[in-house]
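Trainee: Supplied in structure tokens, the structure appears directly below.
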Amino acid sequence: MKRFAAYDPPEYQNWTAAPEQLRAYRERIDASDERAEVIRALSQEQLLDIYAGLLRNRLHDVALKRWVKNGVISKAWLGVGEEAATIGPVHALRRSGPGRDVVAPMIRNSGACHEMGMPVADIFRSYLGTADSPSMGRDLHVGHLDAGVLPPISHVGDVVPVIAGIALTFKQRGEDRVGLTWVGDGSTKTGAFHEGVNFAGVHRLPVIFIIQNNQVALGTRLTQHAAGSFEDWPAMYGLAGGVFDGNHVLDAYAATRIAADRARAGEGPSLLVGETFRMGGHATHDEREARSMFDAELFASWGRRDPVGLYEAWLEEEGVARGTLDDIEARVTAEIDAAAEDALRSRETAMPSPESAIVGVYG
């Protein structure tokens, strides 16, 4: 895919797939017979749809960073380097129709919004605070229940019991549906996280929790708990568990698909751990501070494992023509560019009125 000198992390700008990284990528697919079976069942159409989702997620973030640099918005919360931990799990769910599943993304999981069917322009409008955004200009935490996306709050674990409650309604109604949410490694220290996961385990709810371990909570390194590794946590709640490579979209897909099938079969919730790394700051305003907090080699090592680039290289090894990938990239690029322009027009014509601030407010 095209790299952007002004917007991509420096580790991505002249990126090529190292043979040892590509070999490890392929070995990960075959490391588990159960996951390998799920992955090998994907059609080429599904594989290319996942590729388009990764590109859409990356280019969405490029567009936001361009807006920051051009002064359109003051800052943005980007998921660069973590795209596979979002796109893989979402594609493992039911994403359309009245029986669609429900996801509750963190702000860095914005890829869940467009892959569940929300227009990209609406995601951009949420950043611009326009009246025609899904939240009618109130908040940039974007979602729409018609698309199966629960609009989140600032995600300090509080959505964990909420998605458990949604899964409880699925069970009580006898609906063949699954709820899924991501939670950051830092937010696992909150009471709401533990209460929600425990409730789901006790009631055997059809829900999947993903600890998206990107190695840092705001500006705090991952040294915040003494309860073993995250891999040990599912057993504490009586949940099924598993660890997936958060930079490997197919591993993320397979782990989630297996968990979703378990949930639909009445076998209860799963707690998955996606190991990944944030290739930037908490938001665009503190990228320099993030670089100073970790050794340069940590960024370099994770940078060699670009989730978009490695998947693209794997597809080519699997026989997908370069021209096919270029055509998908051109289509997605045009989609993102058109969505950004559409959202910018809303800023000129559809800003919320002052009176709308009290509409829908309770208390």
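Numbering starts fresh at 1 for the residues of each chain in the structure tokens, the chains themselves are lettered A, B, ... in the order given, and ligands are numbered from 1 as they appear.
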Mind checking which residues fall within 8 Å of range 339-355 of chain A, counting only C-alpha atoms, ignoring those fewer than 5 positions away in the same chain, and posting them as number ranges by chain?
Mentor: A: 63, 119-122, 124-125, 128-132, 136-137
Trainee: Write the residues of the selection above to a file with C-alpha atoms, as a PDB file, in the first residue's frame.
Mentor:
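File out.pdb, as written:
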```pdb
ATOM      1  CA  ALA A  63      -7.254  11.381   6.807  1.00  0.00           C
ATOM      2  CA  PRO A 119     -20.729   5.325   6.511  1.00  0.00           C
ATOM      3  CA  VAL A 120     -17.168   6.586   6.877  1.00  0.00           C
ATOM      4  CA  ALA A 121     -18.472  10.130   6.390  1.00  0.00           C
ATOM      5  CA  ASP A 122     -20.530   9.763   9.571  1.00  0.00           C
ATOM      6  CA  PHE A 124     -15.656  11.919  10.216  1.00  0.00           C
ATOM      7  CA  ARG A 125     -18.718  14.042  11.041  1.00  0.00           C
ATOM      8  CA  LEU A 128     -16.332  17.627  13.338  1.00  0.00           C
ATOM      9  CA  GLY A 129     -19.302  17.779  15.723  1.00  0.00           C
ATOM     10  CA  THR A 130     -21.892  18.420  13.024  1.00  0.00           C
ATOM     11  CA  ALA A 131     -25.617  18.120  13.586  1.00  0.00           C
ATOM     12  CA  ASP A 132     -25.858  15.346  10.993  1.00  0.00           C
ATOM     13  CA  MET A 136     -25.904  15.089  16.487  1.00  0.00           C
ATOM     14  CA  GLY A 137     -22.741  17.000  17.318  1.00  0.00           C
TER      15      GLY A 137
END
```
Trainee: Using only C-alpha atoms, which residues sit within 8 Å of range 143-156 of chain A once same-chain residues fewer than 5 positions away are excluded, as a VMD selection string?
Mentor: chain A and resid 95 to 96 100 to 107 112 to 113 116 to 118 134 to 135 183 to 184 186 to 187 190
Trainee: For Val68 in chain A, please output as number ranges by chain all residues within 12 Å (counting only C-alpha atoms; exclusion window: fewer than 4 positions along the same chain).
Mentor: A: 6-7, 61-64, 72-78, 127-128, 283-285
Trainee: Where in range 53-173 of chain A does DSSP assign alpha helix (DSSP H), given as a VMD selection string?
Mentor: chain A and resid 53 to 69 83 to 91 111 to 115 120 to 128 159 to 173
Trainee: Taking 3 positions as the minimum chain separation for residues in the same chain, which residues sit within 7 Å of Arg204 in chain A when counting only C-alpha atoms? Answer as a CSV table (one decimal) with all heavy atoms, in the first residue's frame.
Mentor:
```csv
chain,number,residue,atom,x,y,z
A,200,ALA,N,-20.9,-11.9,33.3
A,200,ALA,CA,-21.1,-12.7,32.1
A,200,ALA,C,-20.7,-14.1,32.3
A,200,ALA,O,-21.4,-15.0,31.8
A,200,ALA,CB,-20.2,-12.1,31.0
A,201,GLY,N,-19.7,-14.4,33.1
A,201,GLY,CA,-19.3,-15.8,33.4
A,201,GLY,C,-20.3,-16.5,34.2
A,201,GLY,O,-20.6,-17.7,33.9
A,267,GLU,N,-22.3,-22.0,25.0
A,267,GLU,CA,-21.1,-22.4,25.8
A,267,GLU,C,-20.5,-21.2,26.5
A,267,GLU,O,-19.5,-21.3,27.2
A,267,GLU,CB,-20.1,-23.1,24.9
A,267,GLU,CG,-20.6,-24.4,24.3
A,267,GLU,CD,-19.5,-25.0,23.4
A,267,GLU,OE1,-18.3,-24.7,23.6
A,267,GLU,OE2,-19.9,-25.8,22.5
A,268,GLY,N,-21.2,-20.0,26.5
A,268,GLY,CA,-20.8,-18.9,27.3
A,268,GLY,C,-19.7,-18.0,26.8
A,268,GLY,O,-19.4,-18.1,25.6
A,269,PRO,N,-19.3,-17.1,27.6
A,269,PRO,CA,-18.4,-16.0,27.1
A,269,PRO,C,-16.9,-16.4,27.0
A,269,PRO,O,-16.5,-17.5,27.5
A,269,PRO,CB,-18.5,-15.0,28.2
A,269,PRO,CG,-18.8,-15.8,29.5
A,269,PRO,CD,-19.6,-16.9,29.0
```
